[in-house]
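Enquirer: Dropping in entry-v8.cif, with mmCIF, C-alpha atoms.
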data_target
#
loop_
_atom_site.label_atom_id
_atom_site.label_comp_id
_atom_site.auth_asym_id
_atom_site.auth_seq_id
_atom_site.Cartn_x
_atom_site.Cartn_y
_atom_site.Cartn_z
CA MET A 61 0.00 0.00 0.00
CA LYS A 62 2.82 2.41 0.90
CA LYS A 63 4.43 1.68 -2.46
CA ILE A 64 1.20 2.60 -4.25
CA TYR A 65 0.94 5.90 -2.35
CA PHE A 66 4.59 6.69 -3.20
CA LEU A 67 4.06 6.01 -6.91
CA ALA A 68 0.91 8.15 -6.91
CA ILE A 69 2.75 11.06 -5.29
CA MET A 70 5.59 10.75 -7.82
CA ALA A 71 3.12 10.76 -10.71
CA VAL A 72 1.41 13.93 -9.41
CA THR A 73 4.81 15.60 -8.92
CA VAL A 74 5.89 14.82 -12.49
CA LEU A 75 2.53 16.02 -13.82
CA LEU A 76 2.77 19.33 -11.97
CA SER A 77 6.37 19.89 -12.97
CA SER A 78 5.42 19.48 -16.61
CA CYS A 79 3.07 22.47 -16.39
CA GLY A 80 4.14 26.09 -16.62
CA ARG A 81 6.54 27.97 -18.88
CA GLY A 82 9.39 25.48 -18.80
CA GLY A 83 7.24 22.41 -18.88
CA GLN A 84 7.15 19.27 -20.98
CA GLY A 85 10.90 19.28 -21.47
CA GLU A 86 10.76 21.73 -24.36
CA LEU A 87 13.13 24.61 -25.14
CA VAL A 88 11.09 27.76 -24.51
CA GLY A 89 13.82 30.34 -23.93
CA ALA A 90 14.54 32.78 -21.10
CA TYR A 91 13.23 36.11 -22.30
CA ASN A 92 14.14 39.49 -20.89
CA ARG A 93 11.28 41.67 -19.78
CA LYS A 94 10.02 43.78 -22.64
CA PHE A 95 9.64 47.53 -22.31
CA LYS A 96 8.57 50.34 -24.59
CA ASN A 97 11.64 51.97 -26.07
CA GLN A 98 10.74 52.79 -29.63
CA SER A 99 10.60 56.54 -29.08
CA ILE A 100 13.34 58.59 -30.72
CA PRO A 101 15.57 60.29 -28.11
CA LEU A 102 14.81 63.98 -27.60
CA GLY A 103 16.64 66.19 -30.06
CA MET A 104 17.74 63.27 -32.25
CA VAL A 105 16.60 61.83 -35.56
CA TYR A 106 16.47 58.23 -36.71
CA ILE A 107 19.00 57.31 -39.39
CA PRO A 108 17.79 54.13 -41.12
CA PRO A 109 20.16 51.37 -42.20
CA GLY A 110 21.37 51.38 -45.75
CA HIS A 111 24.27 51.16 -48.15
CA THR A 112 26.04 53.91 -50.03
CA PRO A 113 29.34 54.61 -51.75
CA MET A 114 31.60 56.50 -49.35
CA GLY A 115 34.37 58.85 -50.41
CA GLY A 116 34.82 61.02 -53.50
CA SER A 117 32.71 60.41 -56.56
CA ASP A 118 34.36 58.70 -59.53
CA GLU A 119 34.36 61.80 -61.73
CA ASP A 120 36.27 63.78 -59.08
CA ILE A 121 38.91 61.18 -58.24
CA THR A 122 41.67 62.77 -60.34
CA PHE A 123 41.46 66.00 -58.40
CA SER A 124 40.50 64.62 -55.00
CA GLN A 125 42.89 64.30 -52.07
CA SER A 126 40.81 61.48 -50.60
CA GLY A 127 40.82 57.82 -51.48
CA PRO A 128 38.55 56.16 -54.05
CA SER A 129 34.91 55.59 -53.19
CA ARG A 130 33.83 52.23 -51.78
CA MET A 131 30.45 50.67 -51.12
CA THR A 132 29.60 50.28 -47.43
CA THR A 133 26.61 49.20 -45.36
CA ILE A 134 25.61 51.13 -42.24
CA SER A 135 23.44 49.93 -39.35
CA ALA A 136 20.62 52.08 -38.00
CA PHE A 137 21.37 54.71 -35.36
CA TYR A 138 20.08 57.89 -33.80
CA MET A 139 21.90 61.18 -34.39
CA ASP A 140 21.57 64.61 -32.86
CA GLN A 141 19.55 66.81 -35.18
CA THR A 142 21.91 69.71 -34.53
CA GLU A 143 25.37 70.38 -33.20
CA ILE A 144 25.54 70.38 -29.40
CA SER A 145 24.70 73.94 -28.38
CA ASN A 146 26.20 76.14 -25.69
CA ALA A 147 23.07 75.67 -23.56
CA GLU A 148 23.23 71.88 -23.85
CA TYR A 149 26.92 71.72 -23.00
CA ARG A 150 26.37 74.18 -20.15
CA GLN A 151 23.99 71.64 -18.60
CA PHE A 152 26.99 69.32 -18.40
CA THR A 153 29.35 71.88 -16.84
CA LYS A 154 26.73 72.92 -14.29
CA TRP A 155 26.06 69.28 -13.41
CA VAL A 156 29.78 68.81 -12.76
CA ARG A 157 29.93 72.07 -10.80
CA ASP A 158 26.95 71.20 -8.59
CA SER A 159 27.97 67.58 -8.00
CA ILE A 160 31.44 68.68 -6.87
CA ALA A 161 29.85 71.26 -4.56
CA ILE A 162 27.47 68.74 -2.98
CA VAL A 163 30.36 66.38 -2.25
CA MET A 164 32.38 69.24 -0.74
CA MET A 165 29.39 70.09 1.48
CA GLY A 166 29.27 66.52 2.81
CA ASN A 167 26.28 65.30 0.76
CA PRO A 168 23.54 67.28 2.60
CA GLN A 169 20.41 65.18 2.92
CA GLN A 170 18.31 67.91 1.31
CA PHE A 171 19.92 67.10 -2.05
CA MET A 172 20.15 63.32 -1.71
CA ILE A 173 17.80 60.42 -2.31
CA THR A 174 18.01 56.72 -1.48
CA PRO A 175 16.50 54.59 -4.25
CA LYS A 176 14.31 51.63 -3.40
CA GLY A 177 13.41 48.36 -5.05
CA ALA A 178 14.76 47.66 -8.52
CA ALA A 179 16.34 51.11 -8.75
CA ALA A 180 18.28 50.44 -5.55
CA ASN A 181 19.63 47.17 -6.94
CA ALA A 182 20.62 48.79 -10.23
CA LEU A 183 22.50 51.60 -8.50
CA GLY A 184 24.12 49.48 -5.81
CA GLY A 185 21.77 50.63 -3.07
CA GLU A 186 23.73 53.83 -2.52
CA LYS A 187 22.39 57.34 -2.10
CA TYR A 188 22.65 59.60 -5.09
CA ILE A 189 21.95 63.21 -5.92
CA ASP A 190 18.30 64.10 -6.53
CA TRP A 191 18.64 66.60 -9.38
CA LYS A 192 15.03 67.68 -9.03
CA LYS A 193 15.94 69.06 -5.61
CA VAL A 194 19.12 70.64 -6.93
CA GLY A 195 17.22 72.44 -9.69
CA ASN A 196 19.29 75.19 -11.26
CA GLY A 197 21.79 75.07 -8.39
CA SER A 198 20.71 78.35 -6.81
CA ALA A 199 20.01 76.61 -3.48
CA ILE A 200 23.63 75.46 -3.38
CA TRP A 201 25.43 78.61 -4.39
CA SER A 202 23.22 81.20 -2.68
CA GLY A 203 23.13 79.35 0.65
CA LYS A 204 19.46 80.29 0.93
CA GLY A 205 17.82 77.02 0.00
CA LYS A 206 15.84 74.80 2.35
CA GLY A 207 18.22 73.37 4.95
CA ALA A 208 21.18 75.35 3.59
CA ASN A 209 23.31 77.34 5.98
CA ALA A 210 26.32 79.61 6.03
CA ALA A 211 28.59 76.78 7.18
CA ASN A 212 27.76 74.72 4.12
CA ALA A 213 28.17 77.69 1.81
CA SER A 214 31.57 78.53 3.31
CA GLN A 215 32.82 75.05 2.37
CA LEU A 216 32.59 76.12 -1.27
CA ASP A 217 35.09 78.97 -0.94
CA ASN A 218 37.76 76.79 -2.56
CA MET A 219 35.64 76.66 -5.71
CA TYR A 220 36.22 80.35 -6.39
CA TYR A 221 39.20 82.29 -7.67
CA SER A 222 41.04 83.73 -4.68
CA GLY A 223 44.01 85.95 -3.89
CA LEU A 224 45.69 87.51 -6.88
CA ASP A 225 43.73 85.20 -9.22
CA ALA A 226 40.50 87.01 -8.33
CA LEU A 227 39.40 90.24 -9.97
CA PRO A 228 38.55 93.00 -7.45
CA GLY A 229 34.86 93.09 -6.60
CA ARG A 230 34.01 89.84 -8.42
CA LYS A 231 33.35 86.34 -7.11
CA GLU A 232 33.85 83.83 -9.93
CA ILE A 233 33.95 80.04 -10.08
CA ASP A 234 37.44 78.69 -10.84
CA VAL A 235 36.50 76.73 -13.95
CA ARG A 236 39.78 74.80 -13.84
CA LYS A 237 38.32 72.82 -10.92
CA LEU A 238 35.36 71.53 -12.91
CA GLU A 239 36.62 68.00 -13.58
CA TYR A 240 34.65 64.93 -14.54
CA SER A 241 36.00 61.49 -13.59
CA TYR A 242 34.80 58.33 -15.26
CA GLY A 243 35.85 54.87 -16.40
CA ILE A 244 34.91 52.88 -19.51
CA LEU A 245 35.52 49.37 -20.74
CA ASN A 246 37.89 49.65 -23.70
CA LEU A 247 36.50 47.05 -26.10
CA ASP A 248 39.51 47.34 -28.44
CA LYS A 249 41.82 46.24 -25.62
CA ALA A 250 39.36 43.59 -24.45
CA ALA A 251 39.11 42.11 -27.96
CA ILE A 252 42.87 41.58 -28.00
CA GLY A 253 43.42 40.13 -24.55
CA HIS A 254 40.15 38.81 -23.18
CA LYS A 255 41.13 35.16 -23.71
CA ASP A 256 44.37 35.56 -21.82
CA PRO A 257 43.85 33.49 -18.62
CA ASN A 258 46.10 35.87 -16.71
CA SER A 259 44.19 39.00 -17.67
CA LYS A 260 41.68 40.77 -15.46
CA ARG A 261 38.76 42.99 -16.32
CA GLN A 262 40.57 45.95 -14.80
CA ASP A 263 43.21 45.60 -17.54
CA TYR A 264 40.64 46.82 -20.06
CA ILE A 265 39.10 49.67 -18.06
CA ASP A 266 40.34 53.14 -19.00
CA ARG A 267 39.94 55.79 -16.32
CA TYR A 268 39.97 59.51 -16.99
CA THR A 269 39.69 62.82 -15.17
CA ILE A 270 38.82 65.55 -17.66
CA ALA A 271 38.52 69.31 -17.16
CA VAL A 272 35.18 69.97 -18.84
CA TYR A 273 34.91 73.75 -19.21
CA PRO A 274 35.37 74.97 -22.81
CA ASP A 275 38.51 76.93 -23.61
CA THR A 276 36.95 80.31 -24.40
CA MET A 277 40.39 81.73 -25.16
CA VAL A 278 40.40 79.89 -28.50
CA TRP A 279 38.84 82.98 -30.03
CA LYS A 280 42.15 84.74 -29.34
CA THR A 281 44.69 81.94 -29.71
CA ASP A 282 43.37 80.66 -33.04
CA TYR A 283 43.87 84.03 -34.71
CA SER A 284 46.71 86.52 -34.63
CA TYR A 285 45.95 90.24 -34.86
CA SER A 286 42.18 89.84 -34.81
CA GLN A 287 39.73 91.64 -32.49
CA ASN A 288 37.84 88.68 -31.04
CA ASP A 289 37.82 89.77 -27.39
CA PRO A 290 34.00 90.05 -27.25
CA MET A 291 33.74 86.39 -28.33
CA VAL A 292 36.13 85.35 -25.56
CA ARG A 293 34.01 87.10 -22.95
CA GLY A 294 30.53 86.33 -24.21
CA TYR A 295 30.27 83.37 -26.58
CA PHE A 296 29.80 80.53 -24.09
CA ASN A 297 27.77 82.29 -21.40
CA HIS A 298 25.83 85.14 -22.99
CA PRO A 299 22.15 84.18 -23.56
CA SER A 300 22.33 85.48 -27.13
CA TYR A 301 24.58 82.52 -27.93
CA ASP A 302 22.61 79.83 -26.08
CA ASP A 303 21.55 78.09 -29.30
CA TYR A 304 24.89 78.49 -31.05
CA PRO A 305 27.21 75.46 -31.31
CA VAL A 306 29.63 74.96 -28.45
CA VAL A 307 33.29 75.31 -29.48
CA GLY A 308 36.58 75.20 -27.61
CA VAL A 309 35.98 71.57 -26.60
CA SER A 310 38.58 68.88 -27.27
CA TRP A 311 37.88 65.37 -28.48
CA GLU A 312 38.63 64.19 -24.94
CA GLN A 313 35.98 66.52 -23.55
CA THR A 314 33.41 65.22 -26.02
CA GLN A 315 34.07 61.71 -24.73
CA ALA A 316 33.45 62.86 -21.16
CA PHE A 317 30.22 64.57 -22.29
CA SER A 318 29.03 61.41 -24.06
CA HIS A 319 29.69 59.30 -20.95
CA TRP A 320 27.83 61.79 -18.75
CA ARG A 321 24.90 61.89 -21.14
CA THR A 322 24.67 58.11 -21.05
CA GLN A 323 24.75 58.05 -17.24
CA LEU A 324 22.15 60.83 -17.09
CA TYR A 325 19.62 58.68 -18.93
CA GLN A 326 20.53 55.49 -17.08
CA GLY A 327 19.56 57.12 -13.78
CA VAL A 328 16.10 57.83 -15.18
CA ALA A 329 15.85 54.32 -16.65
CA ALA A 330 16.60 52.78 -13.24
CA ALA A 331 13.96 54.94 -11.57
CA ARG A 332 11.45 53.73 -14.17
CA LYS A 333 12.47 50.11 -13.51
CA MET A 334 13.96 49.80 -16.97
CA PRO A 335 17.29 48.07 -17.67
CA LEU A 336 20.34 50.32 -17.73
CA ASN A 337 20.85 49.52 -21.42
CA ALA A 338 17.32 50.68 -22.25
CA ARG A 339 19.08 53.18 -24.48
CA MET A 340 22.42 52.37 -26.03
CA ASP A 341 25.45 54.46 -25.07
CA TYR A 342 25.94 57.91 -26.51
CA ASP A 343 29.13 58.47 -28.47
CA LEU A 344 30.62 60.46 -31.30
CA PRO A 345 29.72 59.29 -34.81
CA SER A 346 32.33 57.39 -36.78
CA GLU A 347 33.62 59.04 -39.94
CA THR A 348 31.46 56.65 -41.96
CA GLN A 349 28.32 57.32 -39.92
CA PHE A 350 28.84 61.06 -40.28
CA GLU A 351 29.29 60.92 -44.04
CA TYR A 352 26.37 58.52 -44.50
CA ALA A 353 24.08 60.75 -42.40
CA SER A 354 25.34 63.86 -44.17
CA ARG A 355 24.28 62.48 -47.55
CA GLY A 356 20.70 62.25 -46.29
CA GLY A 357 19.95 58.94 -47.96
CA ASN A 358 21.24 60.12 -51.35
CA THR A 359 24.26 58.75 -53.18
CA LYS A 360 27.03 60.47 -55.10
CA THR A 361 25.97 63.84 -53.72
CA LYS A 362 28.66 66.42 -53.17
CA TYR A 363 26.86 68.36 -50.40
CA PRO A 364 24.31 67.49 -47.69
CA TRP A 365 21.53 69.37 -49.49
CA GLY A 366 21.83 66.93 -52.40
CA GLY A 367 22.81 69.16 -55.26
CA PRO A 368 26.18 69.79 -56.86
CA TYR A 369 26.06 73.54 -56.18
CA ILE A 370 26.70 75.59 -53.07
CA ARG A 371 23.85 78.01 -53.87
CA ASN A 372 20.17 77.22 -54.28
CA THR A 373 18.01 78.22 -57.24
CA LYS A 374 17.48 81.67 -55.74
CA GLY A 375 21.21 82.24 -55.50
CA CYS A 376 21.33 81.96 -51.69
CA LEU A 377 24.25 80.22 -50.02
CA GLN A 378 23.18 77.02 -48.26
CA ALA A 379 25.71 76.85 -45.42
CA ASN A 380 27.82 79.00 -43.13
CA PHE A 381 31.37 79.10 -44.50
CA LYS A 382 33.88 81.51 -46.07
CA PRO A 383 32.55 82.21 -49.57
CA GLY A 384 35.49 84.27 -50.77
CA ARG A 385 38.66 86.06 -49.72
CA GLY A 386 37.84 87.75 -46.43
CA ASP A 387 34.10 87.51 -47.11
CA TYR A 388 32.44 85.95 -44.07
CA SER A 389 29.06 87.68 -44.15
CA SER A 390 27.52 86.79 -47.53
CA ASP A 391 26.02 83.58 -46.12
CA GLY A 392 24.25 85.37 -43.27
CA GLY A 393 26.82 84.68 -40.55
CA ILE A 394 30.19 86.16 -39.65
CA TYR A 395 31.24 83.69 -36.97
CA THR A 396 28.98 80.77 -36.08
CA VAL A 397 25.18 80.90 -36.39
CA GLY A 398 22.34 79.14 -34.57
CA VAL A 399 22.32 75.36 -34.71
CA LYS A 400 19.03 75.32 -36.67
CA SER A 401 20.10 77.79 -39.32
CA TYR A 402 19.65 76.95 -43.01
CA PHE A 403 17.58 74.02 -44.25
CA PRO A 404 18.11 70.48 -42.94
CA ASN A 405 19.08 67.63 -45.23
CA ASP A 406 16.71 64.80 -46.16
CA PHE A 407 17.31 63.04 -42.84
CA GLY A 408 16.34 66.21 -40.98
CA LEU A 409 19.91 67.04 -39.86
CA TYR A 410 21.04 70.65 -39.66
CA ASN A 411 24.45 72.04 -40.56
CA MET A 412 26.12 68.78 -41.51
CA SER A 413 28.35 71.07 -43.54
CA GLY A 414 29.44 74.50 -42.40
CA ASN A 415 28.93 76.40 -39.14
CA VAL A 416 31.42 74.29 -37.18
CA SER A 417 33.48 71.28 -38.17
CA GLU A 418 32.70 68.25 -36.01
CA TRP A 419 34.72 65.67 -34.13
CA THR A 420 34.25 62.01 -35.04
CA LYS A 421 35.15 58.80 -33.22
CA THR A 422 37.56 57.78 -35.97
CA ALA A 423 41.33 58.00 -35.67
CA TYR A 424 42.94 59.75 -38.64
CA ASN A 425 45.07 57.35 -40.64
CA LYS A 426 44.89 57.46 -44.43
CA SER A 427 46.60 54.07 -44.62
CA SER A 428 43.69 52.38 -42.85
CA GLY A 429 41.35 52.62 -45.86
CA PRO A 430 42.17 49.29 -47.54
CA LEU A 431 41.90 47.48 -44.18
CA LEU A 432 38.41 48.67 -43.30
CA HIS A 433 35.48 46.30 -43.44
CA ASP A 434 32.58 47.11 -45.76
CA LEU A 435 30.09 46.80 -42.86
CA ASN A 436 30.15 49.74 -40.43
CA PRO A 437 33.81 50.52 -41.18
CA ASN A 438 35.77 52.40 -38.53
CA PHE A 439 39.33 52.76 -37.30
CA THR A 440 39.82 53.69 -33.65
CA TYR A 441 42.78 54.39 -31.43
CA VAL A 442 42.75 56.30 -28.15
CA ALA A 443 46.21 57.73 -27.66
CA GLY A 444 47.79 58.11 -24.24
CA LYS A 445 49.59 61.21 -23.02
CA ASN A 446 52.99 59.79 -23.93
CA ASP A 447 52.01 58.61 -27.40
CA SER A 448 53.29 60.34 -30.51
CA LYS A 449 51.21 63.32 -31.61
CA TYR A 450 50.52 61.50 -34.88
CA LEU A 451 48.55 58.89 -32.93
CA LYS A 452 46.42 61.64 -31.37
CA ARG A 453 44.86 62.76 -34.65
CA LYS A 454 41.08 62.39 -34.96
CA VAL A 455 38.98 62.80 -38.09
CA VAL A 456 37.06 66.08 -38.35
CA LYS A 457 34.18 66.43 -40.82
CA GLY A 458 31.88 69.04 -42.27
CA GLY A 459 33.87 72.23 -42.66
CA SER A 460 33.27 75.38 -40.62
CA TRP A 461 32.43 79.07 -40.73
CA LYS A 462 36.10 79.91 -41.43
CA ASP A 463 36.64 77.29 -44.19
CA THR A 464 36.29 77.60 -47.94
CA GLY A 465 33.66 75.67 -49.87
CA TYR A 466 35.92 72.69 -50.61
CA PHE A 467 35.67 71.50 -47.00
CA LEU A 468 31.87 71.42 -47.11
CA GLN A 469 31.87 68.35 -49.35
CA ASN A 470 30.51 65.14 -47.84
CA ALA A 471 33.61 63.15 -48.76
CA VAL A 472 36.23 65.59 -47.44
CA SER A 473 37.91 64.87 -44.09
CA THR A 474 40.54 66.71 -42.11
CA TYR A 475 41.99 66.09 -38.65
CA GLU A 476 42.82 67.67 -35.33
CA TYR A 477 44.68 66.40 -32.27
CA GLN A 478 42.45 64.87 -29.59
CA ASP A 479 43.66 67.21 -26.83
CA GLN A 480 43.28 70.43 -28.82
CA GLN A 481 40.41 72.93 -28.65
CA ARG A 482 39.41 75.16 -31.54
CA SER A 483 36.96 77.99 -32.17
CA TYR A 484 35.67 76.21 -35.26
CA ILE A 485 35.21 72.61 -34.06
CA GLY A 486 32.13 71.33 -32.24
CA PHE A 487 30.34 67.97 -32.15
CA ARG A 488 27.11 66.01 -32.05
CA CYS A 489 26.34 62.56 -30.62
CA VAL A 490 24.92 59.30 -31.92
CA SER A 491 23.33 56.31 -30.21
CA ALA A 492 23.01 52.89 -31.81
CA TYR A 493 19.52 51.63 -32.59
CA PRO A 494 18.96 48.28 -30.77
CA GLY A 495 17.54 46.31 -33.66
CA THR A 496 17.59 46.11 -37.43
CA ASP A 497 15.17 48.80 -38.54
CA MET A 498 12.57 50.80 -36.64
CA ARG A 499 10.37 50.86 -39.75
CA ASN A 500 9.86 47.08 -39.77
#
Please lay out the structure from this file as C-alpha cells.
Expert:
Amino acid sequence: MKKIYFLAIMAVTVLLSSCGRGGQGELVGAYNRKFKNQSIPLGMVYIPPGHTPMGGSDEDITFSQSGPSRMTTISAFYMDQTEISNAEYRQFTKWVRDSIAIVMMGNPQQFMITPKGAAANALGGEKYIDWKKVGNGSAIWSGKGKGANAANASQLDNMYYSGLDALPGRKEIDVRKLEYSYGILNLDKAAIGHKDPNSKRQDYIDRYTIAVYPDTMVWKTDYSYSQNDPMVRGYFNHPSYDDYPVVGVSWEQTQAFSHWRTQLYQGVAAARKMPLNARMDYDLPSETQFEYASRGGNTKTKYPWGGPYIRNTKGCLQANFKPGRGDYSSDGGIYTVGVKSYFPNDFGLYNMSGNVSEWTKTAYNKSSGPLLHDLNPNFTYVAGKNDSKYLKRKVVKGGSWKDTGYFLQNAVSTYEYQDQQRSYIGFRCVSAYPGTDMRN
C-alpha cells in the first residue's frame, strides 16, 4: 500500500512539474522583460540602415585628395539633429559644478535620495543626488535654499578664484576645478586580450579625469591680430549665444560629455524600472556614420543638401562658410550661427556642412582605408599622453564658418589632435539603434 501511495505522489509531482513555462521538457527560452523603447531620443533623428558609396565620386577622383569611393553598409542609429549647443553643454558643466559642490558640502540630505526596489539594486543601493531638488543650483550657491546654511556655503570657498587670481569686486567660479572622472571598458583592448587566462577585467578599463569647461580663449589663440575679445568674454555664457554650437571643446571633452549623457539617462531608466541599457550608449559618430548621415539617404551627392552647387536656385548660399577672400558675411553669418540655421538635409539634420566642423570617433590614418570592413567601417585608437602626436589625430568632418567651400563636401575629411580645442570645431552625438530597422 505504501508503495502505491509513493508512486501516486511521484506521478502527481511529475505532472505538476510538466506544467508552466518550462514544462514538458521543451526549449522555450529565457526572455528578458520587454519595455517600450521605440521613441526617438529627444533632439535626435532616426537614421535608417542602408548602403552607399563612401568617399569622392568617380568623376572627381583625379582632383581629389581622398581615397577612391567604396560601397559600405551602415546599421541604424540615432543622431543629434543639430550640433551640441552652448546651452546643452552648459547643462553638463553645471552638473559637474553642482555635483562637486554637494560632495564638498558633505552630501547634505536635502539634495540626496536613497532609491528603493529595482532602482536600488541597479544603482548598488547607494544614495545619489536628486537633481530635481538641486534644480538650477541656486540653493547650493546662494546658501538660501531649504536646509542650507552659512557653514555649508563657506565650504565652497575653494571653488572660487582667490588671492591675486581674483578680480577685485568679483566672485567667480574657478572653472579649472570643474573636472569629470569616469571609467569605460575599452573594447579594443578587451578584444585583443580577453582570452588571456592571466588578464583581469581591470586591464581593459580606461579611467579619466577631464577638465570639462570649454577653452573660451580659443577665439584669441586661433587668430593673430584679430579683435575677437567680445567672443572670448561672451560666446559661451551670454544668452544670445545659447543656441549656437559649443566650441573650444577637445575630443577628450566630447568623450566625457558622451559618458555623462549616457549616465544621465541610465539614472532615469533605473527609476522607471527599466534596464540600464534601455538606451544604447551615446558616443561620437564614426567618420562613416557622419558621411552617411550627411548624404541624407542620397548617393554620389557632393553636399548634404543633395545638389552639386553651393547656392540654391534663388542664389542663396546654403551653409555658413567663407565664400570668398575675407568675405564671411555673404552667407548670413560672420562667426557661427544658430544650430538650426539653413535648411536640414533629407534626414532632418542641420548644418552637416558648415557652421562648425565636427569631431568624429575615428582616428585619422589614411593608410587604414584598404583594411576597413565594408560593414560599419571604422578605425579607432585612443592615444595616451605619452604617445606620438601623430597617434592623437582624430577625423574632423563638415567644414566650418572659417573654411572655404571645398571642406563642405561630404567626402572631405581633415583632422585635429584629440587634446586640442578650436573655435571652429564642435560635435554632435549618436546612439546605436537596438535592432535592425525601426520601420519594420
Enquirer: Please report as JSON lines every residue of range 233-296 of chain A lying within 10 Å of range 159-172 of chain A, along with the nearest atom pair and their distance in Å (one decimal), using all atoms listed in the file.
Expert:
{"residue": "A:Lys237", "atom": "CA", "partner": "A:Ile160", "partner_atom": "CA", "distance": 9.0}
{"residue": "A:Leu238", "atom": "CA", "partner": "A:Ile160", "partner_atom": "CA", "distance": 7.7}
{"residue": "A:Glu239", "atom": "CA", "partner": "A:Ile160", "partner_atom": "CA", "distance": 8.5}
{"residue": "A:Tyr240", "atom": "CA", "partner": "A:Ile160", "partner_atom": "CA", "distance": 9.1}
Enquirer: Near Pro101 in chain A, within 10 Å and counting all atoms listed in the file, which residues show up once chain neighbours fewer than 4 positions away are dropped, as a PyMOL selection string?
Expert: chain A and resi 97+105-106+138-140+339+491
Enquirer: For a test of reading the model, state the distance in Å between CA of Gly386 in chain A and CA of Ile370 in chain A, rounded to one decimal.
Expert: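 Pair CA of Gly386 in chain A / CA of Ile370 in chain A returns 17.8 Å.
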Enquirer: Care to translate the PyMOL selection byres ((chain A and resi 355-364) around 7) into actual residues of this file, as a list in words?
Expert: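 Residues picked by the PyMOL selection byres ((chain A and resi 355-364) around 7): Thr112, Pro113, Ser117, Glu351, Tyr352, Ala353, Ser354, Trp365, Gly366, Gly367, Pro368, Asn405, Asp406, Phe407, Met412, Ser413, Leu468, Gln469 and Asn470 of chain A.
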Enquirer: Mind listing whatever residues come within 9 Å of the point (21.3, 48.6, -40.5)? Use all atoms listed in the file, file coordinates, and give them as a list in words.
Expert: Pro108, Pro109, Gly110, His111, Thr133, Ile134, Ser135, Ala136, Phe137, Asn436, Tyr493, Gly495, Thr496 and Asp497 of chain A
Enquirer: Would you save the residues from that selection as a compact mmCIF listing (two decimals), in the coordinates of the input, using C-alpha atoms?
Expert:
# COMPACT_ATOMS: atom_id res chain seq x y z
CA PRO A 108 17.79 54.13 -41.12
CA PRO A 109 20.16 51.37 -42.20
CA GLY A 110 21.37 51.38 -45.75
CA HIS A 111 24.27 51.16 -48.15
CA THR A 133 26.61 49.20 -45.36
CA ILE A 134 25.61 51.13 -42.24
CA SER A 135 23.44 49.93 -39.35
CA ALA A 136 20.62 52.08 -38.00
CA PHE A 137 21.37 54.71 -35.36
CA ASN A 436 30.15 49.74 -40.43
CA TYR A 493 19.52 51.63 -32.59
CA GLY A 495 17.54 46.31 -33.66
CA THR A 496 17.59 46.11 -37.43
CA ASP A 497 15.17 48.80 -38.54
Enquirer: Can you give me, as an MDAnalysis selection string, the residues this file yields under the PyMOL selection byres ((chain A and resi 265-272) around 10)?
Expert: chainID A and resid 149:150 152:153 156:157 235:247 249:250 260:264 273:275 309:310 312:317 442
Enquirer: Using all atoms listed in the file, pick whichever of A:Ala329, A:Leu102, A:Val307, A:Cys376 has the shortest atom-to-atom distance to Ser460 in chain A.
Expert: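 Under the stated criterion, the closest residue is A:Val307.
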Enquirer: Can you work out which one of A:His254, A:Ile100, A:Tyr388, A:Asn146 has the shortest atom-to-atom distance to Thr276 in chain A, counting all atoms listed in the file?
Expert: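 Of the candidates, the smallest distance to Thr276 in chain A is held by A:Asn146.
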Enquirer: Given the file shown, enumerate the residues that the PyMOL selection byres ((chain A and resi 278) around 7) captures and present them as a list in words.
Expert: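 Selected by the PyMOL selection byres ((chain A and resi 278) around 7) in this file: Asp275, Thr276, Met277, Trp279, Lys280, Thr281, Asp282, Gly308, Gln481, Arg482 and Ser483 of chain A.
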Enquirer: One decimal, in Å: what's the spacing between CA of Val397 in chain A and CA of Lys154 in chain A?
Expert: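 Computing it gives 23.5 Å between the two atoms.
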Enquirer: Between A:Leu431, A:Ile233, A:Ala147, A:Leu409, single out the one closest to Leu216 in chain A, counting only C-alpha atoms.
Expert: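 Of all the options, A:Ile233 lies closest to Leu216 in chain A.
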Enquirer: Tell me, in Å to one decimal, how far CA of Thr396 in chain A is from CA of Asn415 in chain A.
Expert: 5.3 Å
Enquirer: Have a look at A:Arg130, A:Lys193, A:Lys382, A:Lys94 and name the one nearest to Tyr395 in chain A; count all atoms listed in the file.
Expert: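 So, comparing all the options, the nearest one is A:Lys382.
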Enquirer: When you count only C-alpha atoms, which of these residues is closest to Arg321 in chain A: A:Val306, A:Ala226, A:Met340, A:Leu87?
Expert: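 Using only C-alpha atoms, the shortest distance to Arg321 in chain A belongs to A:Met340.
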Enquirer: Return the single residue from A:Ser448, A:Gln323, A:Ser202, A:Thr348 that is closest to Met131 in chain A, with distances computed using all atoms listed in the file.
Expert: A:Thr348
